[in-house]
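Contents: one structure, followed by commentary.
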Amino acid sequence: MTQSDWIMRPATAGDKSAVLALINTVQPHVPWSPEQYDWQLTRGPVGPAEVRVAECDGILVSLYVGTRKLLWVDGEIRPCVMVQDVLTHPNYRGMGMLNALAASFLSEMRERGDCGYTFPNKLSENSFRRSGWYELSPVPALECDASLQEGGTDLAVEVSAFTSSVDTIWPDAGIAVGVMRTAEFLNWRYSRPGNVYRRFIISDAGFLILKSYDRGTQKVVHICDLVLRESARALCKPILTLVKYFAMQSGAALLTGWVPIGHPYRHAYEEVGFARDTKNDRFIFTTGPANLLPTISNKSHWHMSQGDSDVY
Ligand SMILES: CC(C)(COP(=O)(O)OP(=O)(O)OC[C@H]1O[C@@H](n2cnc3c(N)ncnc32)[C@H](O)[C@@H]1OP(=O)(O)O)[C@@H](O)C(=O)NCCC(=O)NCCS
């Protein structure tokens, strides 16, 4: 079979059940519900996802998804796409569908002037190398034993949703590159169906989002997002100490988080006991217009947390 035997096209609303069937055939261990589809592909705050499919024998057999974000690059807001959910039906693998969809999608992004980032798995990472994405760094996964701490519990107030008062925090964080973390983004991101998140406001100085999950028999607390105004960075260590306290309270033995090397909070994480999670072998890739590449291809410029990956 050659590329002339299939067609590539944008997905339409009418493809929803075929897209769900394909996803649930390829990854039955992490099935998508119709609610997950709506949240992920139609309700993002920057607009519906760019979804491309390959069709063969009248069946939808390969999928390539880019969800829309707004990327903060040196104080300016740029259109951005996160590529995710790339998959091909087992009967149609090895025919070049992923590589063809990847090449075509990247040229569309270049025409629009989009920035992009992605967290591929081992099966698809070479497609990003081959098509010209920049290999930014390994996923900066950290972990830390949750030992008993004295926590300053008055530092953070738990809230059920963020209000527009958080909108000034991200632009004031003194970080060069990262997805815009407005209240609208945070409220959408942390309402992923089937997940429970804890959201906190750190006075007027920052915000924190935590999630609990099970790793085998171990209960883990993950720091999905922690952002502080630049003037409040000294709070990072006390907040992390507080998170260790929350983790102990909830019966977790381990804390995890993602913080790039060179990020302004990395030292605080290391000082409270976080160290690299050597089991994580994934890479992050980025792309963008030539004039922005020097900034977005520097890993120490990024704020990159698990909140940037819609998988968790
Ligand atoms: C990864 C995947 C999308 C590749 O799709 P595909 O249409 O078969 O890919 P292509 O034919 O364009 O080949 C792309 C790469 O996949 C490899 N590949 C193709 N068929 C494969 C198979 N059956 N098993 C493993 N790798 C395979 C090719 O060798 C090629 O590798 P390279 O880039 O290192 O040369 C597909 O194997 C898949 O759906 N896997 C499960 C879902 C998944 O893990 N997706 C990635 C999530 S980020």
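Identifiers for the structure tokens are assigned positionally: chains receive A, B, ... in sequence, residues are indexed from 1 per chain, and ligands are indexed from 1 in the order shown.
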
Within 10 Å of A:Thr278, counting only C-alpha atoms, which residues show up once you throw out same-chain ones fewer than 5 positions away? Write them as a compact mmCIF listing (two decimals) with C-alpha atoms, in the first residue's frame, please.
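That gives us around-v1.txt:
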```
# COMPACT_ATOMS: atom_id res chain seq x y z
CA PRO A 140 12.24 17.35 33.63
CA ALA A 141 10.57 14.90 36.00
CA LEU A 142 11.51 15.16 39.69
CA GLU A 143 10.50 13.14 42.73
```

Chain A near ligand 1 within 9 Å: what's each residue's closest atom pair and its distance in Å to one decimal, counting only C-alpha atoms and all ligand atoms, ordered by chain then ascending residue number, as JSON lines?
```
{"residue": "A:Ile23", "atom": "CA", "partner": "ligand 1", "partner_atom_place_in_ligand_line": "42 (C)", "distance": 8.6}
{"residue": "A:Val26", "atom": "CA", "partner": "ligand 1", "partner_atom_place_in_ligand_line": "41 (C)", "distance": 6.0}
{"residue": "A:Gln27", "atom": "CA", "partner": "ligand 1", "partner_atom_place_in_ligand_line": "42 (C)", "distance": 6.9}
{"residue": "A:Val61", "atom": "CA", "partner": "ligand 1", "partner_atom_place_in_ligand_line": "7 (O)", "distance": 8.8}
{"residue": "A:Ser62", "atom": "CA", "partner": "ligand 1", "partner_atom_place_in_ligand_line": "7 (O)", "distance": 6.7}
{"residue": "A:Leu63", "atom": "CA", "partner": "ligand 1", "partner_atom_place_in_ligand_line": "3 (C)", "distance": 8.1}
{"residue": "A:Tyr64", "atom": "CA", "partner": "ligand 1", "partner_atom_place_in_ligand_line": "3 (C)", "distance": 8.6}
{"residue": "A:Val83", "atom": "CA", "partner": "ligand 1", "partner_atom_place_in_ligand_line": "48 (S)", "distance": 8.5}
{"residue": "A:Gln84", "atom": "CA", "partner": "ligand 1", "partner_atom_place_in_ligand_line": "48 (S)", "distance": 6.0}
{"residue": "A:Asp85", "atom": "CA", "partner": "ligand 1", "partner_atom_place_in_ligand_line": "47 (C)", "distance": 5.6}
{"residue": "A:Val86", "atom": "CA", "partner": "ligand 1", "partner_atom_place_in_ligand_line": "45 (N)", "distance": 5.1}
{"residue": "A:Leu87", "atom": "CA", "partner": "ligand 1", "partner_atom_place_in_ligand_line": "39 (O)", "distance": 3.3}
{"residue": "A:Thr88", "atom": "CA", "partner": "ligand 1", "partner_atom_place_in_ligand_line": "39 (O)", "distance": 3.8}
{"residue": "A:His89", "atom": "CA", "partner": "ligand 1", "partner_atom_place_in_ligand_line": "39 (O)", "distance": 6.0}
{"residue": "A:Pro90", "atom": "CA", "partner": "ligand 1", "partner_atom_place_in_ligand_line": "23 (N)", "distance": 6.5}
{"residue": "A:Asn91", "atom": "CA", "partner": "ligand 1", "partner_atom_place_in_ligand_line": "23 (N)", "distance": 8.4}
{"residue": "A:Tyr92", "atom": "CA", "partner": "ligand 1", "partner_atom_place_in_ligand_line": "8 (O)", "distance": 6.5}
{"residue": "A:Arg93", "atom": "CA", "partner": "ligand 1", "partner_atom_place_in_ligand_line": "8 (O)", "distance": 3.1}
{"residue": "A:Gly94", "atom": "CA", "partner": "ligand 1", "partner_atom_place_in_ligand_line": "11 (O)", "distance": 3.3}
{"residue": "A:Met95", "atom": "CA", "partner": "ligand 1", "partner_atom_place_in_ligand_line": "11 (O)", "distance": 4.2}
{"residue": "A:Gly96", "atom": "CA", "partner": "ligand 1", "partner_atom_place_in_ligand_line": "12 (O)", "distance": 3.2}
{"residue": "A:Met97", "atom": "CA", "partner": "ligand 1", "partner_atom_place_in_ligand_line": "7 (O)", "distance": 3.9}
{"residue": "A:Leu98", "atom": "CA", "partner": "ligand 1", "partner_atom_place_in_ligand_line": "12 (O)", "distance": 3.6}
{"residue": "A:Asn99", "atom": "CA", "partner": "ligand 1", "partner_atom_place_in_ligand_line": "12 (O)", "distance": 3.9}
{"residue": "A:Ala100", "atom": "CA", "partner": "ligand 1", "partner_atom_place_in_ligand_line": "12 (O)", "distance": 6.4}
{"residue": "A:Leu101", "atom": "CA", "partner": "ligand 1", "partner_atom_place_in_ligand_line": "12 (O)", "distance": 8.0}
{"residue": "A:Ala102", "atom": "CA", "partner": "ligand 1", "partner_atom_place_in_ligand_line": "12 (O)", "distance": 8.3}
{"residue": "A:Thr118", "atom": "CA", "partner": "ligand 1", "partner_atom_place_in_ligand_line": "48 (S)", "distance": 8.4}
{"residue": "A:Phe119", "atom": "CA", "partner": "ligand 1", "partner_atom_place_in_ligand_line": "48 (S)", "distance": 6.8}
{"residue": "A:Pro120", "atom": "CA", "partner": "ligand 1", "partner_atom_place_in_ligand_line": "48 (S)", "distance": 4.0}
{"residue": "A:Asn121", "atom": "CA", "partner": "ligand 1", "partner_atom_place_in_ligand_line": "48 (S)", "distance": 4.5}
{"residue": "A:Lys122", "atom": "CA", "partner": "ligand 1", "partner_atom_place_in_ligand_line": "44 (O)", "distance": 7.4}
{"residue": "A:Leu123", "atom": "CA", "partner": "ligand 1", "partner_atom_place_in_ligand_line": "1 (C)", "distance": 4.5}
{"residue": "A:Ser124", "atom": "CA", "partner": "ligand 1", "partner_atom_place_in_ligand_line": "1 (C)", "distance": 4.5}
{"residue": "A:Glu125", "atom": "CA", "partner": "ligand 1", "partner_atom_place_in_ligand_line": "33 (O)", "distance": 7.2}
{"residue": "A:Asn126", "atom": "CA", "partner": "ligand 1", "partner_atom_place_in_ligand_line": "33 (O)", "distance": 4.4}
{"residue": "A:Ser127", "atom": "CA", "partner": "ligand 1", "partner_atom_place_in_ligand_line": "33 (O)", "distance": 4.6}
{"residue": "A:Phe128", "atom": "CA", "partner": "ligand 1", "partner_atom_place_in_ligand_line": "33 (O)", "distance": 8.1}
{"residue": "A:Arg129", "atom": "CA", "partner": "ligand 1", "partner_atom_place_in_ligand_line": "33 (O)", "distance": 8.2}
{"residue": "A:Arg130", "atom": "CA", "partner": "ligand 1", "partner_atom_place_in_ligand_line": "33 (O)", "distance": 7.1}
```

TODO: Find the residues near A:Ala11: any atom within 12 Å, counting only C-alpha atoms, skip ones fewer than 3 places away on the same chain, and give them as a count of residues only.
DONE: 25

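Excluding A:Ser231 itself and same-chain residues fewer than 5 positions from it, the residues having an atom within 10 Å of it are Asp172, Ala173, Gly174 and Ala205 of chain A, counting only C-alpha atoms.
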
Open item on the list: Excluding A:Arg266 and its own-chain neighbours fewer than 6 positions away, which residues fall within 10 Å of it when counting only C-alpha atoms? Please give them as an NGL selection string.
Closed with: :A and (142 or 236 or 258-260 or 274-275)

TODO: Quick one: pick out all strand (DSSP E) residues within stretch 188-264 of chain A from a backbone DSSP run and write them as JSON, numbers by chain.
DONE: {"A": [197, 198, 199, 200, 201, 202, 206, 207, 208, 209, 210, 211, 212, 213, 214, 215, 218, 219, 220, 221, 222, 223, 224, 225, 226, 227, 228, 254, 255, 256, 257, 258]}

TODO: Give me the residues within 7 Å of A:Asp225 as a list in words, counting only C-alpha atoms and dropping any in the same chain fewer than 2 places off.
DONE: Leu208, Ile209, Ile223, Val227, Ser305 and Gly307 of chain A

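Interatomic distance, atom CA of A:Pro171 to atom CA of A:Leu71: 11.3 Å.
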
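One distance worth recording is that between atom CA of A:Val272 and atom CA of A:Gly251, which is 18.7 Å.
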
Do you know which residues are at most 8 Å from A:Thr295 counting only C-alpha atoms, after dropping those on the same chain fewer than 2 positions away, and could you put them as a PDB file with all heavy atoms, in the first residue's frame?
```
ATOM      1  N   VAL A  73       6.028  34.411  25.037  1.00  0.00           N
ATOM      2  CA  VAL A  73       7.445  34.378  24.626  1.00  0.00           C
ATOM      3  C   VAL A  73       8.007  35.779  24.826  1.00  0.00           C
ATOM      4  O   VAL A  73       7.662  36.713  24.086  1.00  0.00           O
ATOM      5  CB  VAL A  73       7.609  33.957  23.142  1.00  0.00           C
ATOM      6  CG1 VAL A  73       9.093  33.819  22.795  1.00  0.00           C
ATOM      7  CG2 VAL A  73       6.878  32.660  22.840  1.00  0.00           C
ATOM      8  N   ASP A  74       8.842  35.936  25.832  1.00  0.00           N
ATOM      9  CA  ASP A  74       9.473  37.225  26.130  1.00  0.00           C
ATOM     10  C   ASP A  74       8.442  38.364  26.191  1.00  0.00           C
ATOM     11  O   ASP A  74       8.636  39.427  25.584  1.00  0.00           O
ATOM     12  CB  ASP A  74      10.525  37.550  25.059  1.00  0.00           C
ATOM     13  CG  ASP A  74      11.862  36.924  25.408  1.00  0.00           C
ATOM     14  OD1 ASP A  74      12.066  36.557  26.581  1.00  0.00           O
ATOM     15  OD2 ASP A  74      12.694  36.795  24.494  1.00  0.00           O
ATOM     16  N   ALA A 176      10.463  33.488  30.870  1.00  0.00           N
ATOM     17  CA  ALA A 176      10.501  33.924  29.468  1.00  0.00           C
ATOM     18  C   ALA A 176       9.492  33.193  28.582  1.00  0.00           C
ATOM     19  O   ALA A 176       8.871  33.808  27.712  1.00  0.00           O
ATOM     20  CB  ALA A 176      11.918  33.745  28.905  1.00  0.00           C
ATOM     21  N   VAL A 177       9.329  31.878  28.774  1.00  0.00           N
ATOM     22  CA  VAL A 177       8.490  31.089  27.858  1.00  0.00           C
ATOM     23  C   VAL A 177       7.582  30.130  28.630  1.00  0.00           C
ATOM     24  O   VAL A 177       8.041  29.445  29.545  1.00  0.00           O
ATOM     25  CB  VAL A 177       9.354  30.244  26.884  1.00  0.00           C
ATOM     26  CG1 VAL A 177       8.465  29.524  25.862  1.00  0.00           C
ATOM     27  CG2 VAL A 177      10.383  31.090  26.160  1.00  0.00           C
ATOM     28  N   LEU A 292      11.838  33.389  16.701  1.00  0.00           N
ATOM     29  CA  LEU A 292      11.581  33.036  18.106  1.00  0.00           C
ATOM     30  C   LEU A 292      12.388  31.823  18.565  1.00  0.00           C
ATOM     31  O   LEU A 292      12.471  31.541  19.761  1.00  0.00           O
ATOM     32  CB  LEU A 292      10.090  32.738  18.320  1.00  0.00           C
ATOM     33  CG  LEU A 292       9.118  33.858  17.953  1.00  0.00           C
ATOM     34  CD1 LEU A 292       7.684  33.430  18.237  1.00  0.00           C
ATOM     35  CD2 LEU A 292       9.434  35.138  18.741  1.00  0.00           C
ATOM     36  N   LEU A 293      12.975  31.106  17.598  1.00  0.00           N
ATOM     37  CA  LEU A 293      13.648  29.845  17.946  1.00  0.00           C
ATOM     38  C   LEU A 293      14.748  30.011  18.989  1.00  0.00           C
ATOM     39  O   LEU A 293      14.879  29.166  19.879  1.00  0.00           O
ATOM     40  CB  LEU A 293      14.196  29.157  16.703  1.00  0.00           C
ATOM     41  CG  LEU A 293      13.242  28.174  16.022  1.00  0.00           C
ATOM     42  CD1 LEU A 293      13.941  27.491  14.847  1.00  0.00           C
ATOM     43  CD2 LEU A 293      12.714  27.130  16.996  1.00  0.00           C
ATOM     44  N   SER A 297      13.988  27.553  21.970  1.00  0.00           N
ATOM     45  CA  SER A 297      14.787  26.323  21.963  1.00  0.00           C
ATOM     46  C   SER A 297      15.793  26.318  23.117  1.00  0.00           C
ATOM     47  O   SER A 297      16.679  25.463  23.153  1.00  0.00           O
ATOM     48  CB  SER A 297      15.494  26.143  20.617  1.00  0.00           C
ATOM     49  OG  SER A 297      16.360  27.230  20.391  1.00  0.00           O
ATOM     50  N   ASN A 298      15.630  27.227  24.059  1.00  0.00           N
ATOM     51  CA  ASN A 298      16.492  27.239  25.247  1.00  0.00           C
ATOM     52  C   ASN A 298      15.702  26.682  26.424  1.00  0.00           C
ATOM     53  O   ASN A 298      14.747  27.311  26.901  1.00  0.00           O
ATOM     54  CB  ASN A 298      16.935  28.687  25.527  1.00  0.00           C
ATOM     55  CG  ASN A 298      17.889  28.756  26.701  1.00  0.00           C
ATOM     56  OD1 ASN A 298      17.843  27.925  27.607  1.00  0.00           O
ATOM     57  ND2 ASN A 298      18.744  29.760  26.683  1.00  0.00           N
ATOM     58  N   HIS A 301      14.652  28.616  29.546  1.00  0.00           N
ATOM     59  CA  HIS A 301      13.677  29.709  29.442  1.00  0.00           C
ATOM     60  C   HIS A 301      12.250  29.265  29.753  1.00  0.00           C
ATOM     61  O   HIS A 301      11.376  30.088  29.961  1.00  0.00           O
ATOM     62  CB  HIS A 301      13.682  30.277  28.015  1.00  0.00           C
ATOM     63  CG  HIS A 301      14.882  31.111  27.724  1.00  0.00           C
ATOM     64  ND1 HIS A 301      15.209  31.546  26.458  1.00  0.00           N
ATOM     65  CD2 HIS A 301      15.845  31.594  28.532  1.00  0.00           C
ATOM     66  CE1 HIS A 301      16.307  32.264  26.502  1.00  0.00           C
ATOM     67  NE2 HIS A 301      16.717  32.303  27.752  1.00  0.00           N
TER      68      HIS A 301
END
```

Open item on the list: Just checking: using only C-alpha atoms, which residue out of A:Asn187, A:Leu226, A:Pro45, A:Asp114 ends up closest to A:His303?
Closed with: A:Leu226

TODO: Please report, as an MDAnalysis selection string, each residue of stretch 57-179 of chain A to which DSSP assigns alpha helix (DSSP H) when run on this structure's backbone.
DONE: chainID A and resid 97:112 125:131

Task: Between atom CA of A:Ser309 and atom CA of A:His222, distance in Å (one decimal) - done: 13.3 Å

Task: Counting only C-alpha atoms, the option among A:Ala103, A:Ala183, A:Leu136, A:Cys80 closest to A:Arg282 - done: A:Leu136
